[in-house]
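A.B. asks: The file below is work39.txt, compact mmCIF, C-alpha atoms and all ligand atoms:
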```txt
# COMPACT_ATOMS: atom_id res chain seq x y z
CA MET J 999 -96.54 -100.02 -61.47
CA LYS J 1000 -95.88 -102.04 -58.32
CA ARG J 1001 -98.63 -104.39 -57.23
CA VAL J 1002 -100.34 -104.40 -53.85
CA LEU J 1003 -102.39 -107.34 -52.65
CA SER J 1004 -104.40 -107.92 -49.54
CA CYS J 1005 -107.28 -110.10 -48.48
CA VAL J 1006 -109.92 -110.26 -45.82
CA GLN J 1007 -112.03 -113.10 -44.56
CA PRO J 1008 -115.80 -112.71 -44.91
CA THR J 1009 -116.50 -112.20 -41.23
CA GLY J 1010 -119.86 -110.47 -41.55
CA ASP J 1011 -120.11 -106.75 -40.92
CA LEU J 1012 -117.06 -104.52 -41.10
CA HIS J 1013 -116.46 -102.54 -37.93
CA LEU J 1014 -114.49 -99.39 -37.23
CA GLY J 1015 -111.41 -101.38 -36.23
CA ASN J 1016 -111.38 -103.14 -39.62
CA TYR J 1017 -111.91 -99.84 -41.40
CA PHE J 1018 -109.15 -97.85 -39.74
CA GLY J 1019 -106.91 -100.91 -39.43
CA ALA J 1020 -107.09 -102.03 -43.05
CA VAL J 1021 -109.81 -100.95 -45.43
CA LYS J 1022 -109.12 -97.19 -45.33
CA ASN J 1023 -105.52 -97.90 -46.19
CA TRP J 1024 -106.54 -100.23 -49.03
CA VAL J 1025 -108.72 -97.50 -50.49
CA ASP J 1026 -105.89 -94.95 -50.36
CA LEU J 1027 -103.33 -97.34 -51.88
CA GLN J 1028 -105.46 -97.57 -55.01
CA GLU J 1029 -104.20 -94.11 -56.00
CA LYS J 1030 -100.56 -95.17 -56.14
CA TYR J 1031 -100.44 -98.87 -56.98
CA SER J 1032 -102.02 -101.55 -59.05
CA CYS J 1033 -104.17 -103.14 -56.35
CA VAL J 1034 -105.81 -106.51 -56.00
CA TYR J 1035 -108.07 -107.17 -53.02
CA GLY J 1036 -109.72 -110.44 -52.22
CA VAL J 1037 -112.55 -111.73 -50.07
CA VAL J 1038 -111.05 -115.04 -49.06
CA ASP J 1039 -113.96 -117.37 -48.48
CA CYS J 1040 -111.84 -120.54 -48.76
CA HIS J 1041 -109.90 -119.38 -45.70
CA SER J 1042 -113.14 -119.17 -43.73
CA MET J 1043 -113.73 -122.90 -44.17
CA THR J 1044 -110.90 -123.61 -41.73
CA MET J 1045 -113.06 -122.84 -38.69
CA PRO J 1046 -116.53 -124.29 -38.04
CA TYR J 1047 -119.15 -122.52 -40.18
CA LYS J 1048 -122.50 -122.90 -41.93
CA ALA J 1049 -122.49 -123.07 -45.74
CA SER J 1050 -125.38 -120.64 -46.21
CA ASP J 1051 -123.81 -118.11 -43.83
CA LEU J 1052 -120.49 -118.31 -45.65
CA ARG J 1053 -121.95 -117.41 -49.02
CA GLU J 1054 -124.05 -114.62 -47.56
CA ASN J 1055 -121.12 -113.18 -45.63
CA THR J 1056 -118.90 -113.33 -48.70
CA TRP J 1057 -121.28 -111.16 -50.70
CA LYS J 1058 -121.84 -108.93 -47.74
CA MET J 1059 -118.12 -108.31 -47.34
CA ALA J 1060 -117.69 -107.65 -51.06
CA PHE J 1061 -120.55 -105.12 -51.03
CA GLN J 1062 -119.23 -103.41 -47.92
CA LEU J 1063 -115.75 -103.09 -49.39
CA LEU J 1064 -117.22 -101.44 -52.47
CA ALA J 1065 -119.25 -99.11 -50.25
CA CYS J 1066 -116.02 -98.07 -48.50
CA GLY J 1067 -114.43 -97.10 -51.80
CA ILE J 1068 -112.66 -100.19 -53.08
CA LYS J 1069 -112.86 -99.99 -56.86
CA PRO J 1070 -114.87 -102.88 -58.30
CA GLU J 1071 -112.16 -103.73 -60.84
CA ASN J 1072 -109.72 -104.33 -57.97
CA LEU J 1073 -111.92 -106.79 -56.12
CA PHE J 1074 -112.19 -110.55 -56.42
CA ILE J 1075 -113.71 -113.41 -54.49
CA GLN J 1076 -111.31 -116.24 -53.79
CA SER J 1077 -113.61 -119.11 -54.73
CA LEU J 1078 -114.12 -117.47 -58.14
CA VAL J 1079 -110.39 -117.88 -58.77
CA PRO J 1080 -109.85 -121.60 -58.24
CA GLU J 1081 -106.16 -121.30 -59.20
CA HIS J 1082 -105.46 -120.21 -55.61
CA THR J 1083 -106.27 -123.62 -54.23
CA GLU J 1084 -104.35 -125.40 -56.96
CA LEU J 1085 -101.26 -123.30 -56.34
CA CYS J 1086 -101.74 -123.94 -52.64
CA TRP J 1087 -101.24 -127.66 -53.25
CA ILE J 1088 -98.05 -127.07 -55.21
CA LEU J 1089 -96.69 -124.70 -52.58
CA SER J 1090 -97.59 -127.10 -49.78
CA CYS J 1091 -95.02 -129.43 -51.32
CA VAL J 1092 -92.30 -126.84 -50.73
CA THR J 1093 -93.50 -126.03 -47.20
CA SER J 1094 -92.33 -128.12 -44.30
CA TYR J 1095 -94.47 -129.56 -41.57
CA GLY J 1096 -92.08 -127.98 -39.08
CA GLU J 1097 -92.61 -124.48 -40.45
CA LEU J 1098 -96.37 -124.78 -40.24
CA SER J 1099 -96.16 -126.17 -36.71
CA LYS J 1100 -94.57 -122.90 -35.58
CA MET J 1101 -97.44 -120.68 -36.68
CA THR J 1102 -98.86 -118.96 -33.63
CA GLN J 1103 -102.21 -118.25 -35.28
CA PHE J 1104 -102.75 -121.99 -35.71
CA LYS J 1105 -101.92 -122.60 -32.07
CA ASP J 1106 -104.23 -119.77 -30.97
CA LYS J 1107 -107.16 -120.90 -33.06
CA ARG J 1108 -106.69 -124.48 -32.04
CA GLU J 1109 -106.72 -123.47 -28.39
CA GLN J 1110 -109.79 -121.34 -28.98
CA LEU J 1111 -111.63 -124.35 -30.39
CA GLU J 1112 -110.40 -126.72 -27.72
CA GLU J 1113 -111.34 -124.33 -24.95
CA LYS J 1114 -114.95 -124.57 -26.07
CA ASP J 1115 -114.78 -128.31 -26.53
CA ASN J 1116 -111.72 -130.36 -25.78
CA GLN J 1117 -112.76 -132.93 -28.36
CA ALA J 1118 -113.03 -130.17 -31.00
CA PHE J 1119 -112.32 -131.06 -34.59
CA ILE J 1120 -109.14 -129.35 -35.76
CA SER J 1121 -109.00 -129.50 -39.54
CA SER J 1122 -105.79 -129.87 -41.50
CA GLY J 1123 -107.09 -126.89 -43.46
CA LEU J 1124 -106.56 -124.77 -40.36
CA PHE J 1125 -103.01 -126.10 -40.21
CA SER J 1126 -102.20 -125.39 -43.86
CA TYR J 1127 -104.05 -122.06 -43.93
CA PRO J 1128 -100.77 -120.08 -44.27
CA VAL J 1129 -99.91 -121.95 -47.48
CA LEU J 1130 -103.18 -120.84 -49.04
CA GLN J 1131 -102.33 -117.32 -47.91
CA ALA J 1132 -98.92 -117.62 -49.59
CA ALA J 1133 -100.70 -118.74 -52.76
CA ASP J 1134 -102.99 -115.67 -52.59
CA ILE J 1135 -99.96 -113.42 -52.49
CA LEU J 1136 -97.57 -115.18 -54.85
CA ILE J 1137 -100.10 -115.92 -57.57
CA TYR J 1138 -100.39 -112.16 -58.30
CA ARG J 1139 -96.62 -111.55 -57.90
CA ALA J 1140 -97.51 -108.94 -55.31
CA ASP J 1141 -94.73 -106.54 -54.35
CA TYR J 1142 -96.45 -105.22 -51.26
CA VAL J 1143 -98.89 -106.72 -48.82
CA PRO J 1144 -100.60 -104.31 -46.43
CA VAL J 1145 -101.33 -106.31 -43.29
CA GLY J 1146 -101.51 -105.92 -39.56
CA LYS J 1147 -98.66 -107.02 -37.34
CA ASP J 1148 -100.63 -110.16 -36.50
CA GLN J 1149 -99.92 -111.39 -40.04
CA GLU J 1150 -96.16 -110.88 -39.82
CA GLN J 1151 -95.40 -114.55 -39.35
CA HIS J 1152 -97.61 -115.59 -42.26
CA LEU J 1153 -95.93 -113.10 -44.53
CA GLU J 1154 -92.49 -114.28 -43.47
CA LEU J 1155 -93.58 -117.80 -44.35
CA SER J 1156 -94.76 -116.64 -47.79
CA ARG J 1157 -91.33 -115.19 -48.40
CA ASN J 1158 -89.65 -118.42 -47.31
CA ILE J 1159 -91.93 -120.44 -49.56
CA ALA J 1160 -91.12 -118.14 -52.50
CA ALA J 1161 -87.39 -118.48 -51.80
CA ARG J 1162 -87.53 -122.25 -51.53
CA PHE J 1163 -89.57 -122.54 -54.70
CA ASN J 1164 -87.13 -120.31 -56.56
CA LYS J 1165 -84.14 -122.28 -55.30
CA GLN J 1166 -85.63 -125.65 -56.08
CA PHE J 1167 -86.94 -124.82 -59.50
CA GLY J 1168 -83.93 -122.89 -60.56
CA GLN J 1169 -85.29 -119.45 -61.33
CA GLU J 1170 -86.03 -116.14 -59.69
CA TYR J 1171 -89.64 -116.85 -60.49
CA PHE J 1172 -91.62 -115.55 -57.54
CA VAL J 1173 -91.41 -111.98 -56.33
CA HIS J 1174 -90.51 -111.61 -52.66
CA PRO J 1175 -93.53 -109.87 -51.16
CA GLU J 1176 -92.80 -107.04 -48.72
CA PRO J 1177 -95.15 -106.22 -45.89
CA LEU J 1178 -96.58 -102.71 -45.74
CA TYR J 1179 -97.20 -101.95 -42.10
CA THR J 1180 -99.06 -98.73 -41.65
CA GLU J 1181 -99.71 -96.77 -38.54
CA ILE J 1182 -102.94 -98.13 -37.21
CA PRO J 1183 -104.90 -96.49 -34.41
CA LYS J 1184 -105.44 -98.96 -31.63
CA LEU J 1185 -109.19 -98.99 -31.20
CA LEU J 1186 -110.62 -100.52 -28.07
CA SER J 1187 -114.01 -101.88 -27.18
CA PRO J 1188 -116.27 -99.00 -26.08
CA ALA J 1189 -117.89 -101.29 -23.51
CA ASP J 1190 -114.61 -102.63 -22.13
CA PRO J 1191 -111.62 -100.46 -23.05
CA THR J 1192 -109.20 -102.97 -21.61
CA LYS J 1193 -109.84 -105.06 -24.74
CA LYS J 1194 -109.36 -104.51 -28.46
CA MET J 1195 -112.42 -103.63 -30.54
CA SER J 1196 -113.50 -106.99 -31.88
CA LYS J 1197 -116.55 -108.79 -33.13
CA SER J 1198 -115.75 -111.97 -31.30
CA LEU J 1199 -116.35 -110.27 -27.92
CA GLY J 1200 -119.98 -109.55 -28.78
CA GLU J 1201 -122.17 -106.74 -30.08
CA LYS J 1202 -121.36 -104.14 -27.45
CA HIS J 1203 -117.67 -104.39 -28.18
CA TYR J 1204 -117.48 -103.07 -31.70
CA ILE J 1205 -118.93 -100.20 -33.69
CA ASN J 1206 -120.49 -101.34 -36.92
CA LEU J 1207 -119.29 -99.31 -39.90
CA PHE J 1208 -122.75 -99.58 -41.42
CA GLY J 1209 -124.60 -99.16 -38.17
CA ASP J 1210 -127.62 -97.03 -37.54
CA PRO J 1211 -126.52 -93.49 -36.49
CA ASN J 1212 -128.59 -93.61 -33.35
CA ARG J 1213 -127.05 -96.84 -32.28
CA ILE J 1214 -123.58 -95.33 -32.84
CA ARG J 1215 -124.57 -92.30 -30.74
CA LYS J 1216 -125.87 -94.56 -28.01
CA GLN J 1217 -122.77 -96.72 -28.01
CA ILE J 1218 -120.52 -93.69 -27.66
CA LYS J 1219 -122.73 -92.14 -25.02
CA SER J 1220 -122.48 -95.26 -22.90
CA ALA J 1221 -118.78 -95.84 -23.62
CA VAL J 1222 -116.83 -96.64 -20.47
CA THR J 1223 -114.53 -93.78 -19.47
CA ASP J 1224 -113.40 -94.77 -16.03
CA THR J 1225 -111.80 -98.19 -15.91
CA GLY J 1226 -110.45 -97.83 -12.39
CA GLU J 1227 -106.83 -97.38 -13.45
CA ALA J 1228 -104.27 -95.15 -11.72
CA SER J 1229 -105.72 -91.66 -11.85
CA ASP J 1230 -102.73 -89.57 -12.95
CA LYS J 1231 -102.79 -91.25 -16.36
CA MET J 1232 -105.49 -90.84 -18.95
CA SER J 1233 -107.84 -93.82 -18.65
CA SER J 1234 -107.86 -96.16 -21.63
CA GLY J 1235 -111.54 -95.43 -22.22
CA VAL J 1236 -110.91 -91.69 -22.57
CA GLU J 1237 -107.81 -92.31 -24.65
CA ASN J 1238 -109.90 -94.51 -26.92
CA LEU J 1239 -112.39 -91.68 -27.46
CA PHE J 1240 -109.55 -89.31 -28.32
CA ASN J 1241 -108.11 -91.90 -30.70
CA LEU J 1242 -111.45 -92.23 -32.44
CA LEU J 1243 -111.59 -88.48 -32.92
CA LYS J 1244 -108.07 -88.48 -34.35
CA ALA J 1245 -108.81 -91.45 -36.62
CA CYS J 1246 -111.76 -89.50 -38.03
CA GLY J 1247 -109.40 -86.64 -38.83
CA LYS J 1248 -111.05 -84.22 -36.41
CA MET J 1249 -107.79 -82.64 -35.29
CA ASP J 1250 -109.23 -79.25 -34.31
CA ALA J 1251 -111.75 -80.77 -31.95
CA TYR J 1252 -109.04 -83.15 -30.74
CA ASP J 1253 -106.66 -80.31 -29.87
CA THR J 1254 -109.31 -78.20 -28.18
CA LEU J 1255 -110.62 -81.08 -26.09
CA MET J 1256 -107.11 -82.25 -25.25
CA ASP J 1257 -106.34 -78.78 -23.89
CA THR J 1258 -109.38 -78.94 -21.65
CA TYR J 1259 -108.34 -82.43 -20.55
CA LYS J 1260 -104.88 -81.12 -19.62
CA SER J 1261 -106.33 -78.24 -17.67
CA GLY J 1262 -108.68 -80.63 -15.89
CA THR J 1263 -111.91 -79.12 -17.23
CA LEU J 1264 -112.86 -81.72 -19.82
CA ARG J 1265 -116.45 -82.84 -19.67
CA TYR J 1266 -116.75 -86.39 -20.96
CA GLY J 1267 -120.14 -85.53 -22.42
CA ASP J 1268 -118.51 -82.97 -24.73
CA LEU J 1269 -115.87 -85.42 -25.87
CA LYS J 1270 -118.47 -88.10 -26.49
CA GLY J 1271 -120.66 -85.68 -28.39
CA GLU J 1272 -117.81 -84.78 -30.74
CA VAL J 1273 -116.82 -88.42 -31.24
CA ALA J 1274 -120.38 -89.53 -31.94
CA GLU J 1275 -120.92 -86.79 -34.54
CA ALA J 1276 -117.56 -87.49 -36.19
CA LEU J 1277 -118.48 -91.16 -36.48
CA VAL J 1278 -121.92 -90.44 -37.85
CA GLU J 1279 -120.39 -88.06 -40.39
CA LEU J 1280 -117.84 -90.71 -41.38
CA THR J 1281 -120.25 -93.61 -41.67
CA THR J 1282 -123.32 -91.96 -43.24
CA PRO J 1283 -121.89 -91.87 -46.79
CA PHE J 1284 -120.83 -95.53 -46.43
CA SER J 1285 -124.33 -96.55 -45.43
CA GLU J 1286 -125.82 -94.54 -48.27
CA ARG J 1287 -123.52 -96.19 -50.79
CA LEU J 1288 -124.29 -99.62 -49.38
CA THR J 1289 -128.01 -98.97 -49.70
CA ASP J 1290 -127.50 -97.90 -53.28
CA LEU J 1291 -125.41 -101.00 -54.08
CA THR J 1292 -128.00 -103.21 -52.43
CA THR J 1293 -130.79 -101.84 -54.59
CA ARG J 1294 -128.71 -102.88 -57.62
CA LYS J 1295 -127.79 -106.22 -56.08
CA LYS J 1296 -127.96 -108.33 -59.22
CA ASP J 1297 -125.84 -105.97 -61.30
CA VAL J 1298 -123.29 -105.52 -58.55
CA LYS J 1299 -122.92 -109.27 -58.13
CA ALA J 1300 -122.43 -109.61 -61.88
CA GLN J 1301 -119.82 -106.87 -61.74
CA ILE J 1302 -117.89 -108.71 -59.02
CA GLN J 1303 -118.11 -111.91 -61.08
CA ASP J 1304 -116.64 -109.99 -64.02
CA SER J 1305 -113.84 -108.37 -62.06
CA SER J 1306 -112.96 -111.75 -60.51
CA ALA J 1307 -112.83 -113.26 -64.01
CA GLU J 1308 -110.55 -110.45 -65.15
CA ILE J 1309 -108.25 -110.81 -62.13
CA ARG J 1310 -108.31 -114.58 -62.67
CA LYS J 1311 -106.38 -114.09 -65.92
CA ILE J 1312 -103.29 -113.10 -63.91
CA ALA J 1313 -103.73 -116.12 -61.64
CA ARG J 1314 -104.15 -118.47 -64.61
CA GLN J 1315 -100.98 -117.23 -66.23
CA THR J 1316 -98.95 -117.70 -63.05
CA LEU J 1317 -100.36 -121.14 -62.40
CA SER J 1318 -99.61 -122.40 -65.88
CA GLU J 1319 -96.01 -121.15 -65.65
CA VAL J 1320 -95.65 -122.74 -62.23
CA LYS J 1321 -96.96 -126.07 -63.51
CA GLU J 1322 -94.35 -125.96 -66.27
CA LEU J 1323 -91.61 -125.25 -63.75
CA VAL J 1324 -92.53 -128.03 -61.34
CA GLY J 1325 -93.02 -130.71 -63.96
CA LEU J 1326 -96.81 -130.90 -64.08
CA LEU J 1327 -98.94 -130.85 -67.20
CA ASN J 1328 -101.20 -128.03 -68.28
CA PRO J 1329 -104.65 -128.92 -69.60
CA LYS J 1330 -105.41 -128.01 -73.21
N1 LIG R 1 -104.88 -114.26 -42.94
C1 LIG R 1 -105.41 -112.95 -43.18
C2 LIG R 1 -106.19 -112.50 -41.96
O1 LIG R 1 -106.69 -113.32 -41.23
C3 LIG R 1 -106.30 -112.92 -44.39
C4 LIG R 1 -105.56 -113.24 -45.63
C5 LIG R 1 -105.72 -114.37 -46.39
C6 LIG R 1 -104.59 -112.44 -46.26
N2 LIG R 1 -104.91 -114.31 -47.48
C7 LIG R 1 -104.19 -113.15 -47.44
C8 LIG R 1 -104.01 -111.20 -45.97
C9 LIG R 1 -103.24 -112.63 -48.29
C10 LIG R 1 -103.05 -110.69 -46.83
C11 LIG R 1 -102.67 -111.41 -47.99
O2 LIG R 1 -106.33 -111.32 -41.75
```
Is it possible to give me this structure as structure tokens?
Ligand code: TRP
C.D. replies:
Amino acid sequence: MKRVLSCVQPTGDLHLGNYFGAVKNWVDLQEKYSCVYGVVDCHSMTMPYKASDLRENTWKMAFQLLACGIKPENLFIQSLVPEHTELCWILSCVTSYGELSKMTQFKDKREQLEEKDNQAFISSGLFSYPVLQAADILIYRADYVPVGKDQEQHLELSRNIAARFNKQFGQEYFVHPEPLYTEIPKLLSPADPTKKMSKSLGEKHYINLFGDPNRIRKQIKSAVTDTGEASDKMSSGVENLFNLLKACGKMDAYDTLMDTYKSGTLRYGDLKGEVAEALVELTTPFSERLTDLTTRKKDVKAQIQDSSAEIRKIARQTLSEVKELVGLLNPK
């Protein structure tokens, strides 16, 4: 069976954009592939953070992924598999400074930090972040990596690193990972539909996947519909509401409301009502599962420790073969 790998940083709460953009797809892929999914806490050390928040957010993300339907045996936490960081070092020696300098995400994040403070500390971890990502992928010999388009450049680099390693060490050792781009609904901020739904914009700008139903209803009710754009086109706020309905699989309601939109009789209140109920219907089982997992917190944490240890066996095997190939020694 082909292997799929993907990872997510422990950013805190999952929102609808994360769910429809990644997690839903991860859940579905589990039916067809051997899947490995990681919460990559080491990656989150590349931007300023607080140690206690990091650990809390790591568990939180792991619990939320399970609540969404990721199977526990497919889930690991990156810091529980220390081979990633060791492989990262080895791969950094077959990655050029020039390649890393071209990464747009590094430039963006650096600018973000410097905008806040022009003396900001830019860690070399932020610079070599894509090498750690390559290690995440290559260590499991992943065939497919479901990612968003924003990760295209990082994946390309992983492939180049694999090719260079194979060339230099004389074997077709690493698999060349292929991206799996899926059709992702473009979800916008309900409070400002000129922007993408995102946590970094603030609370009003994303819908929490584990949010209280009444808060979800309120957020949809107050969603901006008129953004002052040219009037013969559907406004991005209204389009966003339709996209949410479609993402929730409510095609009947979508078609009916779209017909009324086309005939000019759509009442935004009706559309919002349908969207809010679709979202509550979608998210209620997630919240219930999360509550259940949280009441068994200790056991669930132990389960994630166990699955990480099991997944680690693959990583260990790869790392010891790699160390052989590059001329390092393996400990007894
Ligand atoms: N860089 C990815 C992101 O920010 C997260 C990530 C880390 C990742 N390692 C990975 C994604 C390996 C896919 C495969 O979204």
A.B. asks: Provide an axis-aligned box for all listed atoms of ligand LIG 1 (chain R), padding each side by 3 Å; report its centre and its edge lengths in Å to one decimal, as JSON.
C.D. replies:
```
{"center_x": -104.7, "center_y": -112.5, "center_z": -44.8, "size_x": 10.0, "size_y": 9.7, "size_z": 13.1}
```
A.B. asks: Give me, as a PyMOL selection string, the set of residues whose atoms come within 10 Å of any atom of ligand LIG 1 (chain R), counting all atoms listed in the file.
C.D. replies: chain J and resi 1002-1009+1016+1020+1034-1042+1076+1103+1127-1136+1140+1142-1150+1152-1153+1156+1175+1177
A.B. asks: Mind writing the picked residues with C-alpha atoms as a tab-separated table (two decimals), keeping the file's coordinate frame?
C.D. replies:
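What ended up in again-v8.tsv:
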```tsv
chain	number	residue	atom	x	y	z
J	1002	VAL	CA	-100.34	-104.40	-53.85
J	1003	LEU	CA	-102.39	-107.34	-52.65
J	1004	SER	CA	-104.40	-107.92	-49.54
J	1005	CYS	CA	-107.28	-110.10	-48.48
J	1006	VAL	CA	-109.92	-110.26	-45.82
J	1007	GLN	CA	-112.03	-113.10	-44.56
J	1008	PRO	CA	-115.80	-112.71	-44.91
J	1009	THR	CA	-116.50	-112.20	-41.23
J	1016	ASN	CA	-111.38	-103.14	-39.62
J	1020	ALA	CA	-107.09	-102.03	-43.05
J	1034	VAL	CA	-105.81	-106.51	-56.00
J	1035	TYR	CA	-108.07	-107.17	-53.02
J	1036	GLY	CA	-109.72	-110.44	-52.22
J	1037	VAL	CA	-112.55	-111.73	-50.07
J	1038	VAL	CA	-111.05	-115.04	-49.06
J	1039	ASP	CA	-113.96	-117.37	-48.48
J	1040	CYS	CA	-111.84	-120.54	-48.76
J	1041	HIS	CA	-109.90	-119.38	-45.70
J	1042	SER	CA	-113.14	-119.17	-43.73
J	1076	GLN	CA	-111.31	-116.24	-53.79
J	1103	GLN	CA	-102.21	-118.25	-35.28
J	1127	TYR	CA	-104.05	-122.06	-43.93
J	1128	PRO	CA	-100.77	-120.08	-44.27
J	1129	VAL	CA	-99.91	-121.95	-47.48
J	1130	LEU	CA	-103.18	-120.84	-49.04
J	1131	GLN	CA	-102.33	-117.32	-47.91
J	1132	ALA	CA	-98.92	-117.62	-49.59
J	1133	ALA	CA	-100.70	-118.74	-52.76
J	1134	ASP	CA	-102.99	-115.67	-52.59
J	1135	ILE	CA	-99.96	-113.42	-52.49
J	1136	LEU	CA	-97.57	-115.18	-54.85
J	1140	ALA	CA	-97.51	-108.94	-55.31
J	1142	TYR	CA	-96.45	-105.22	-51.26
J	1143	VAL	CA	-98.89	-106.72	-48.82
J	1144	PRO	CA	-100.60	-104.31	-46.43
J	1145	VAL	CA	-101.33	-106.31	-43.29
J	1146	GLY	CA	-101.51	-105.92	-39.56
J	1147	LYS	CA	-98.66	-107.02	-37.34
J	1148	ASP	CA	-100.63	-110.16	-36.50
J	1149	GLN	CA	-99.92	-111.39	-40.04
J	1150	GLU	CA	-96.16	-110.88	-39.82
J	1152	HIS	CA	-97.61	-115.59	-42.26
J	1153	LEU	CA	-95.93	-113.10	-44.53
J	1156	SER	CA	-94.76	-116.64	-47.79
J	1175	PRO	CA	-93.53	-109.87	-51.16
J	1177	PRO	CA	-95.15	-106.22	-45.89
```
A.B. asks: Closest to Cys1066 (chain J) among J:Ser1285, J:Asn1212, J:Thr1293, J:Gln1166, using only C-alpha atoms?
C.D. replies: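 Closest candidate: J:Ser1285.
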A.B. asks: I'd like the contact shell of region 1278-1282 of chain J - 12 Å cut-off, all atoms listed in the file, skipping same-chain residues fewer than 3 positions apart - returned as a PDB file with C-alpha atoms, in the coordinates of the input.
C.D. replies:
```
ATOM      1  CA  LEU J1012    -117.060-104.520 -41.100  1.00  0.00           C
ATOM      2  CA  HIS J1013    -116.460-102.540 -37.930  1.00  0.00           C
ATOM      3  CA  LEU J1014    -114.490 -99.390 -37.230  1.00  0.00           C
ATOM      4  CA  TYR J1017    -111.910 -99.840 -41.400  1.00  0.00           C
ATOM      5  CA  PHE J1018    -109.150 -97.850 -39.740  1.00  0.00           C
ATOM      6  CA  LYS J1022    -109.120 -97.190 -45.330  1.00  0.00           C
ATOM      7  CA  GLN J1062    -119.230-103.410 -47.920  1.00  0.00           C
ATOM      8  CA  ALA J1065    -119.250 -99.110 -50.250  1.00  0.00           C
ATOM      9  CA  CYS J1066    -116.020 -98.070 -48.500  1.00  0.00           C
ATOM     10  CA  ILE J1205    -118.930-100.200 -33.690  1.00  0.00           C
ATOM     11  CA  ASN J1206    -120.490-101.340 -36.920  1.00  0.00           C
ATOM     12  CA  LEU J1207    -119.290 -99.310 -39.900  1.00  0.00           C
ATOM     13  CA  PHE J1208    -122.750 -99.580 -41.420  1.00  0.00           C
ATOM     14  CA  GLY J1209    -124.600 -99.160 -38.170  1.00  0.00           C
ATOM     15  CA  ASP J1210    -127.620 -97.030 -37.540  1.00  0.00           C
ATOM     16  CA  PRO J1211    -126.520 -93.490 -36.490  1.00  0.00           C
ATOM     17  CA  ASN J1212    -128.590 -93.610 -33.350  1.00  0.00           C
ATOM     18  CA  ARG J1213    -127.050 -96.840 -32.280  1.00  0.00           C
ATOM     19  CA  ILE J1214    -123.580 -95.330 -32.840  1.00  0.00           C
ATOM     20  CA  ARG J1215    -124.570 -92.300 -30.740  1.00  0.00           C
ATOM     21  CA  LYS J1216    -125.870 -94.560 -28.010  1.00  0.00           C
ATOM     22  CA  GLN J1217    -122.770 -96.720 -28.010  1.00  0.00           C
ATOM     23  CA  ILE J1218    -120.520 -93.690 -27.660  1.00  0.00           C
ATOM     24  CA  LEU J1242    -111.450 -92.230 -32.440  1.00  0.00           C
ATOM     25  CA  LEU J1243    -111.590 -88.480 -32.920  1.00  0.00           C
ATOM     26  CA  ALA J1245    -108.810 -91.450 -36.620  1.00  0.00           C
ATOM     27  CA  CYS J1246    -111.760 -89.500 -38.030  1.00  0.00           C
ATOM     28  CA  GLY J1247    -109.400 -86.640 -38.830  1.00  0.00           C
ATOM     29  CA  LYS J1248    -111.050 -84.220 -36.410  1.00  0.00           C
ATOM     30  CA  GLY J1271    -120.660 -85.680 -28.390  1.00  0.00           C
ATOM     31  CA  GLU J1272    -117.810 -84.780 -30.740  1.00  0.00           C
ATOM     32  CA  VAL J1273    -116.820 -88.420 -31.240  1.00  0.00           C
ATOM     33  CA  ALA J1274    -120.380 -89.530 -31.940  1.00  0.00           C
ATOM     34  CA  GLU J1275    -120.920 -86.790 -34.540  1.00  0.00           C
ATOM     35  CA  SER J1285    -124.330 -96.550 -45.430  1.00  0.00           C
ATOM     36  CA  GLU J1286    -125.820 -94.540 -48.270  1.00  0.00           C
ATOM     37  CA  ARG J1287    -123.520 -96.190 -50.790  1.00  0.00           C
ATOM     38  CA  LEU J1288    -124.290 -99.620 -49.380  1.00  0.00           C
ATOM     39  CA  THR J1289    -128.010 -98.970 -49.700  1.00  0.00           C
TER      40      THR J1289
END
```
A.B. asks: Please compute the CA of Ser1318 (chain J)-CA of Cys1033 (chain J) distance, one decimal, in Å.
C.D. replies: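 Between CA of Ser1318 (chain J) and CA of Cys1033 (chain J) the gap is 22.0 Å.
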A.B. asks: Using all atoms listed in the file, can you tell me which of J:Ala1060, J:Ala1251, J:Asp1106, J:Leu1098 comes closest to Ile1075 (chain J)?
C.D. replies: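 Using all atoms listed in the file, the shortest distance to Ile1075 (chain J) belongs to J:Ala1060.
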A.B. asks: What is the distance, in Å and to one decimal place, between CA of Asn1238 (chain J) and CA of Pro1191 (chain J)?
C.D. replies: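 Value for the CA of Asn1238 (chain J)-CA of Pro1191 (chain J) distance: 7.3 Å.
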A.B. asks: Do a neighbour search on Ile1068 (chain J) at 8 Å with only C-alpha atoms, toss out local chain neighbours closer than 6 positions, and write the hits as a PyMOL selection string.
C.D. replies: chain J and resi 1024-1025+1028
A.B. asks: My list of candidates is J:Tyr1047, J:Thr1192, J:Ala1160, J:Tyr1138. Which is closest to Thr1093 (chain J) when distances are computed with only C-alpha atoms?
C.D. replies: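 Between J:Tyr1047, J:Thr1192, J:Ala1160, J:Tyr1138, the residue approaching Thr1093 (chain J) most closely is J:Ala1160.
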